[in-house]
>>> print(open('upload-v6.txt').read())   # compact mmCIF, C-alpha atoms
# COMPACT_ATOMS: atom_id res chain seq x y z
CA GLN L 1 98.39 109.89 84.61
CA VAL L 2 98.98 109.77 88.34
CA GLN L 3 101.74 111.92 89.73
CA LEU L 4 103.00 112.16 93.30
CA ALA L 5 104.90 115.25 94.38
CA GLU L 6 106.74 115.36 97.70
CA SER L 7 107.72 118.50 99.56
CA GLY L 8 108.89 119.54 103.00
CA GLY L 9 112.35 118.04 103.14
CA GLY L 10 115.33 120.02 104.37
CA SER L 11 118.17 120.19 106.86
CA VAL L 12 117.56 120.19 110.60
CA PRO L 13 119.66 119.55 113.70
CA ALA L 14 119.19 116.41 115.73
CA GLY L 15 116.04 116.63 117.82
CA GLY L 16 114.30 118.78 115.26
CA SER L 17 111.10 118.19 113.33
CA LEU L 18 109.97 118.21 109.73
CA ARG L 19 106.65 117.63 108.03
CA LEU L 20 106.68 116.01 104.64
CA SER L 21 103.79 116.33 102.22
CA CYS L 22 102.86 114.33 99.15
CA ALA L 23 100.24 115.65 96.77
CA ALA L 24 98.64 113.27 94.30
CA SER L 25 97.32 114.46 90.98
CA GLY L 26 95.83 112.83 87.92
CA TYR L 27 93.34 110.63 89.77
CA THR L 28 90.51 111.86 91.93
CA ALA L 29 89.98 108.78 94.11
CA SER L 30 92.11 108.34 97.21
CA PRO L 31 94.65 105.52 97.01
CA TYR L 32 93.93 102.30 98.87
CA TYR L 33 97.39 102.33 100.40
CA SER L 34 99.83 105.20 100.63
CA GLY L 35 103.09 105.42 102.44
CA TRP L 36 106.58 106.73 102.90
CA PHE L 37 109.82 104.97 102.16
CA ARG L 38 113.35 106.22 102.54
CA GLN L 39 116.73 105.39 101.11
CA ALA L 40 120.07 106.42 102.54
CA PRO L 41 123.26 106.31 100.44
CA GLY L 42 124.51 102.77 100.07
CA LYS L 43 121.42 101.27 101.67
CA GLU L 44 118.27 99.64 100.39
CA ARG L 45 114.99 101.47 100.26
CA GLU L 46 113.05 100.81 103.43
CA GLY L 47 109.47 101.38 104.48
CA VAL L 48 108.85 104.06 107.07
CA ALA L 49 105.10 104.43 107.45
CA ALA L 50 101.95 103.50 105.59
CA ILE L 51 98.22 104.07 105.84
CA ARG L 52 95.17 102.33 104.44
CA THR L 53 92.63 104.95 103.49
CA ALA L 54 89.49 102.87 104.06
CA ASP L 55 89.93 102.34 107.78
CA ARG L 56 92.94 104.57 108.50
CA SER L 57 95.03 101.64 109.69
CA THR L 58 98.66 102.63 109.99
CA TRP L 59 101.96 100.79 110.07
CA TYR L 60 105.38 102.05 111.09
CA ALA L 61 108.93 100.82 110.95
CA ASP L 62 110.20 100.02 114.43
CA SER L 63 112.89 102.66 114.08
CA VAL L 64 110.34 105.48 113.79
CA LYS L 65 107.54 104.35 116.10
CA GLY L 66 106.65 107.05 118.58
CA ARG L 67 108.48 109.71 116.58
CA PHE L 68 106.80 109.77 113.15
CA THR L 69 103.10 110.09 112.37
CA ILE L 70 101.50 109.42 109.02
CA SER L 71 98.22 111.00 108.04
CA ARG L 72 96.28 112.01 104.96
CA ASP L 73 93.76 114.62 103.91
CA ASN L 74 91.48 112.89 101.44
CA ALA L 75 89.83 116.14 100.38
CA LYS L 76 93.22 117.40 99.25
CA ASN L 77 94.44 113.96 98.19
CA THR L 78 97.57 114.70 100.19
CA LEU L 79 99.66 112.45 102.40
CA TYR L 80 101.73 113.74 105.31
CA LEU L 81 104.56 112.51 107.48
CA GLN L 82 105.21 114.38 110.69
CA MET L 83 108.72 113.60 111.86
CA ASN L 84 109.76 114.53 115.38
CA SER L 85 112.89 113.88 117.43
CA LEU L 86 114.90 113.45 114.28
CA SER L 87 118.31 111.85 114.49
CA PRO L 88 121.20 111.64 111.99
CA GLU L 89 120.10 108.07 111.27
CA ASP L 90 116.96 109.51 109.69
CA THR L 91 119.00 111.21 106.97
CA ALA L 92 117.79 109.87 103.63
CA MET L 93 115.81 110.57 100.51
CA TYR L 94 112.16 110.15 101.42
CA TYR L 95 109.75 108.83 98.81
CA CYS L 96 106.00 108.93 98.74
CA ALA L 97 104.27 105.86 97.34
CA ALA L 98 100.67 104.96 96.61
CA ASP L 99 98.54 102.23 95.14
CA TRP L 100 94.90 102.19 94.10
CA ARG L 101 94.29 98.45 93.88
CA ARG L 102 91.58 97.71 96.40
CA GLY L 103 90.92 94.88 98.80
CA ARG L 104 94.46 93.67 99.33
CA PRO L 105 95.58 92.84 102.85
CA TRP L 106 98.69 94.44 104.29
CA PHE L 107 101.77 92.31 103.74
CA GLY L 108 104.35 94.74 105.04
CA PHE L 109 106.52 97.36 103.40
CA ARG L 110 106.94 95.76 100.00
CA THR L 111 107.93 98.21 97.26
CA ALA L 112 106.23 96.02 94.66
CA ASP L 113 102.88 96.62 96.33
CA PHE L 114 103.04 100.33 95.52
CA GLY L 115 102.53 101.15 91.87
CA TYR L 116 103.20 104.87 91.97
CA TRP L 117 106.16 106.76 93.38
CA GLY L 118 107.23 110.33 93.79
CA GLN L 119 110.65 111.71 92.94
CA GLY L 120 111.68 112.05 96.58
CA THR L 121 112.56 114.81 99.00
CA GLN L 122 115.86 114.93 100.86
CA VAL L 123 116.01 115.00 104.65
CA ASN L 124 119.32 115.79 106.32
CA VAL L 125 119.72 115.64 110.08
CA SER L 126 122.94 116.95 111.57
CA SER L 127 124.39 115.85 114.89
>>> encode(input="upload-v6.txt", output="structure tokens")
Amino acid sequence: QVQLAESGGGSVPAGGSLRLSCAASGYTASPYYSGWFRQAPGKEREGVAAIRTADRSTWYADSVKGRFTISRDNAKNTLYLQMNSLSPEDTAMYYCAADWRRGRPWFGFRTADFGYWGQGTQVNVSS
């Protein structure tokens, strides 16, 4: 059974940085797509960044472009999100997501396209 475990969340002041990690277990192959979503209180879950393992294509939400970087270490089956220049608007629960179905084109940050989710890690950015 696949499990995704996030870590690295915490509280930082505005302008600070955090690096989130997501370790996958229960399946040796790397996912076809993996990504990060976030959900702030009272708001819908939104996509932040995603990566396609085969060609390392990446996608970012406009709000994080230039500040966040997604990457993965296939040998460790671990996904990362480097977050720089954090602002209070980045405060949310961050979720790791992954899917192993191969060959699908990228249709955008659709939660239904990711079959596996972690429990989330909280990021708080103070002003």
>>> atom_distance(input="upload-v6.txt", atom1="atom CA of L:Gly103", atom2="atom CA of L:Tyr32")
8.0 Å
>>> closest_residue(input="upload-v6.txt", among="L:Tyr60, L:Val123, L:Phe107, L:Met93", to="L:Glu44", atoms="only C-alpha atoms")
L:Met93
>>> closest_residue(input="upload-v6.txt", among="L:Ser30, L:Thr78, L:Asn124, L:Thr53", to="L:Thr91", atoms="all atoms listed in the file")
L:Asn124
>>> closest_residue(input="upload-v6.txt", among="L:Phe68, L:Glu89, L:Asn74, L:Arg101", to="L:Leu18", atoms="all atoms listed in the file")
L:Phe68
>>> closest_residue(input="upload-v6.txt", among="L:Arg52, L:Lys65, L:Lys76, L:Lys43", to="L:Gly108", atoms="all atoms listed in the file")
L:Arg52
>>> closest_residue(input="upload-v6.txt", among="L:Gly66, L:Trp117, L:Pro105, L:Gln1", to="L:Thr28", atoms="all atoms listed in the file")
L:Gln1
>>> closest_residue(input="upload-v6.txt", among="L:Trp59, L:Trp106, L:Phe114, L:Phe37", to="L:Ser71", atoms="all atoms listed in the file")
L:Trp59
>>> atom_distance(input="upload-v6.txt", atom1="atom CA of L:Asn77", atom2="atom CA of L:Ala5")
11.2 Å
>>> atom_distance(input="upload-v6.txt", atom1="atom CA of L:Ala24", atom2="atom CA of L:Arg67")
24.6 Å
>>> axis_aligned_box(input="upload-v6.txt", around="stretch 31-35 of chain L", padding_each_side="6 Å", output="lines of an AutoDock Vina configuration file")
center_x = 98.5
center_y = 103.9
center_z = 99.7
size_x = 21.2
size_y = 15.2
size_z = 17.4
>>> residues_around(input="upload-v6.txt", residues="L:Asp113", least_positions_apart="5", cutoff="9 Å", atoms="all atoms listed in the file", output="number ranges by chain")
L: 33, 98-99, 107
>>> residues_around(input="upload-v6.txt", residues="L:Asp90", least_positions_apart="2", cutoff="9 Å", atoms="only C-alpha atoms", output="PyMOL selection string")
chain L and resi 38+40+64+86-88+92+123-125
>>> write_last_selection(input="upload-v6.txt", atoms="C-alpha atoms", output="PDB file, in the frame of the given file")
ATOM      1  CA  ARG L  38     113.350 106.220 102.540  1.00  0.00           C
ATOM      2  CA  ALA L  40     120.070 106.420 102.540  1.00  0.00           C
ATOM      3  CA  VAL L  64     110.340 105.480 113.790  1.00  0.00           C
ATOM      4  CA  LEU L  86     114.900 113.450 114.280  1.00  0.00           C
ATOM      5  CA  SER L  87     118.310 111.850 114.490  1.00  0.00           C
ATOM      6  CA  PRO L  88     121.200 111.640 111.990  1.00  0.00           C
ATOM      7  CA  ALA L  92     117.790 109.870 103.630  1.00  0.00           C
ATOM      8  CA  VAL L 123     116.010 115.000 104.650  1.00  0.00           C
ATOM      9  CA  ASN L 124     119.320 115.790 106.320  1.00  0.00           C
ATOM     10  CA  VAL L 125     119.720 115.640 110.080  1.00  0.00           C
TER      11      VAL L 125
END
>>> residues_around(input="upload-v6.txt", residues="L:Gly120", least_positions_apart="3", cutoff="7 Å", atoms="only C-alpha atoms", output="ChimeraX atom specification")
/L:6,93-96
>>> residues_around(input="upload-v6.txt", residues="L:Ser21", least_positions_apart="5", cutoff="6 Å", atoms="all atoms listed in the file", output="list in words")
Glu6, Ser7, Leu79 and Tyr80 of chain L
>>> decode(input="upload-v6.txt", residues="chain L", atoms="C-alpha atoms", output="tab-separated table (two decimals), in the first residue's frame")
chain	number	residue	atom	x	y	z
L	1	GLN	CA	0.00	0.00	0.00
L	2	VAL	CA	1.41	3.35	-1.03
L	3	GLN	CA	1.96	5.90	1.68
L	4	LEU	CA	3.15	9.49	1.35
L	5	ALA	CA	4.66	11.22	4.36
L	6	GLU	CA	5.32	14.96	4.35
L	7	SER	CA	7.77	16.75	6.61
L	8	GLY	CA	9.48	20.11	6.88
L	9	GLY	CA	6.60	22.40	7.70
L	10	GLY	CA	6.84	24.97	10.46
L	11	SER	CA	6.57	28.64	11.36
L	12	VAL	CA	8.74	31.27	9.73
L	13	PRO	CA	8.65	35.05	9.39
L	14	ALA	CA	7.82	36.68	6.09
L	15	GLY	CA	10.76	36.47	3.73
L	16	GLY	CA	11.92	33.20	5.20
L	17	SER	CA	12.39	29.81	3.59
L	18	LEU	CA	11.28	26.26	4.18
L	19	ARG	CA	11.93	22.98	2.43
L	20	LEU	CA	9.18	20.42	2.42
L	21	SER	CA	9.85	16.75	1.82
L	22	CYS	CA	7.54	13.91	0.87
L	23	ALA	CA	8.73	10.34	1.15
L	24	ALA	CA	6.85	7.62	-0.68
L	25	SER	CA	6.76	4.07	0.58
L	26	GLY	CA	5.02	0.88	-0.43
L	27	TYR	CA	5.86	1.09	-4.13
L	28	THR	CA	9.34	1.03	-5.59
L	29	ALA	CA	8.64	2.73	-8.93
L	30	SER	CA	8.67	6.52	-9.10
L	31	PRO	CA	5.26	8.11	-9.66
L	32	TYR	CA	4.43	9.45	-13.10
L	33	TYR	CA	3.25	12.73	-11.62
L	34	SER	CA	3.90	14.09	-8.17
L	35	GLY	CA	3.09	17.45	-6.75
L	36	TRP	CA	2.22	19.77	-3.92
L	37	PHE	CA	-1.14	21.25	-3.11
L	38	ARG	CA	-2.12	23.55	-0.28
L	39	GLN	CA	-5.28	24.47	1.54
L	40	ALA	CA	-5.78	27.50	3.74
L	41	PRO	CA	-8.68	27.71	6.22
L	42	GLY	CA	-11.91	28.46	4.44
L	43	LYS	CA	-10.39	28.05	1.00
L	44	GLU	CA	-10.33	25.30	-1.59
L	45	ARG	CA	-7.32	23.09	-2.07
L	46	GLU	CA	-5.11	24.55	-4.77
L	47	GLY	CA	-2.20	23.22	-6.77
L	48	VAL	CA	1.20	24.70	-6.03
L	49	ALA	CA	3.75	22.75	-8.05
L	50	ALA	CA	4.00	19.48	-9.91
L	51	ILE	CA	6.61	17.42	-11.72
L	52	ARG	CA	6.49	14.65	-14.29
L	53	THR	CA	9.19	12.15	-13.48
L	54	ALA	CA	9.86	10.93	-17.03
L	55	ASP	CA	11.08	14.22	-18.45
L	56	ARG	CA	11.22	16.38	-15.31
L	57	SER	CA	8.68	18.83	-16.69
L	58	THR	CA	7.43	21.13	-13.96
L	59	TRP	CA	4.38	23.31	-13.45
L	60	TYR	CA	3.78	26.05	-10.91
L	61	ALA	CA	0.90	28.13	-9.73
L	62	ASP	CA	1.34	31.75	-10.79
L	63	SER	CA	1.41	32.83	-7.16
L	64	VAL	CA	4.59	30.84	-6.44
L	65	LYS	CA	6.55	31.13	-9.68
L	66	GLY	CA	10.06	32.36	-9.04
L	67	ARG	CA	9.81	31.61	-5.33
L	68	PHE	CA	9.13	27.86	-5.08
L	69	THR	CA	11.05	25.02	-6.69
L	70	ILE	CA	9.86	21.45	-6.96
L	71	SER	CA	12.29	18.58	-7.34
L	72	ARG	CA	12.55	14.87	-6.65
L	73	ASP	CA	15.19	12.32	-5.81
L	74	ASN	CA	14.12	9.14	-7.54
L	75	ALA	CA	16.69	7.03	-5.72
L	76	LYS	CA	15.07	8.02	-2.44
L	77	ASN	CA	11.57	8.19	-3.93
L	78	THR	CA	11.28	11.58	-2.27
L	79	LEU	CA	9.68	14.78	-3.49
L	80	TYR	CA	10.79	18.23	-2.35
L	81	LEU	CA	9.44	21.75	-2.38
L	82	GLN	CA	11.89	24.54	-1.72
L	83	MET	CA	9.96	27.62	-0.68
L	84	ASN	CA	11.72	30.98	-0.61
L	85	SER	CA	10.52	34.53	0.01
L	86	LEU	CA	7.55	33.24	1.93
L	87	SER	CA	4.67	35.56	2.63
L	88	PRO	CA	1.68	35.28	5.00
L	89	GLU	CA	-0.43	34.37	1.97
L	90	ASP	CA	1.53	31.12	1.77
L	91	THR	CA	0.18	30.00	5.14
L	92	ALA	CA	-1.67	26.73	4.61
L	93	MET	CA	-1.61	22.99	5.06
L	94	TYR	CA	0.62	21.60	2.34
L	95	TYR	CA	-0.17	18.20	0.87
L	96	CYS	CA	1.98	15.91	-1.19
L	97	ALA	CA	0.22	14.03	-3.98
L	98	ALA	CA	1.30	11.39	-6.47
L	99	ASP	CA	-0.03	9.19	-9.22
L	100	TRP	CA	1.48	6.21	-10.99
L	101	ARG	CA	-0.77	6.00	-14.03
L	102	ARG	CA	1.50	6.48	-17.01
L	103	GLY	CA	1.16	8.26	-20.32
L	104	ARG	CA	-1.37	10.88	-19.36
L	105	PRO	CA	-0.84	14.45	-20.54
L	106	TRP	CA	-0.82	17.29	-18.06
L	107	PHE	CA	-4.25	18.86	-17.67
L	108	GLY	CA	-3.45	21.22	-14.83
L	109	PHE	CA	-3.74	20.96	-11.08
L	110	ARG	CA	-6.70	18.63	-10.85
L	111	THR	CA	-6.96	16.80	-7.52
L	112	ALA	CA	-8.74	13.90	-9.23
L	113	ASP	CA	-5.63	13.21	-11.28
L	114	PHE	CA	-3.65	12.33	-8.17
L	115	GLY	CA	-4.60	9.03	-6.60
L	116	TYR	CA	-2.46	9.18	-3.49
L	117	TRP	CA	-2.18	11.90	-0.87
L	118	GLY	CA	-0.21	12.55	2.26
L	119	GLN	CA	-1.64	13.77	5.55
L	120	GLY	CA	-0.21	17.27	5.14
L	121	THR	CA	2.31	19.49	6.86
L	122	GLN	CA	1.43	22.92	8.20
L	123	VAL	CA	3.25	26.04	7.04
L	124	ASN	CA	2.72	29.27	8.96
L	125	VAL	CA	4.24	32.53	7.78
L	126	SER	CA	4.02	35.51	10.09
L	127	SER	CA	4.09	39.13	8.97
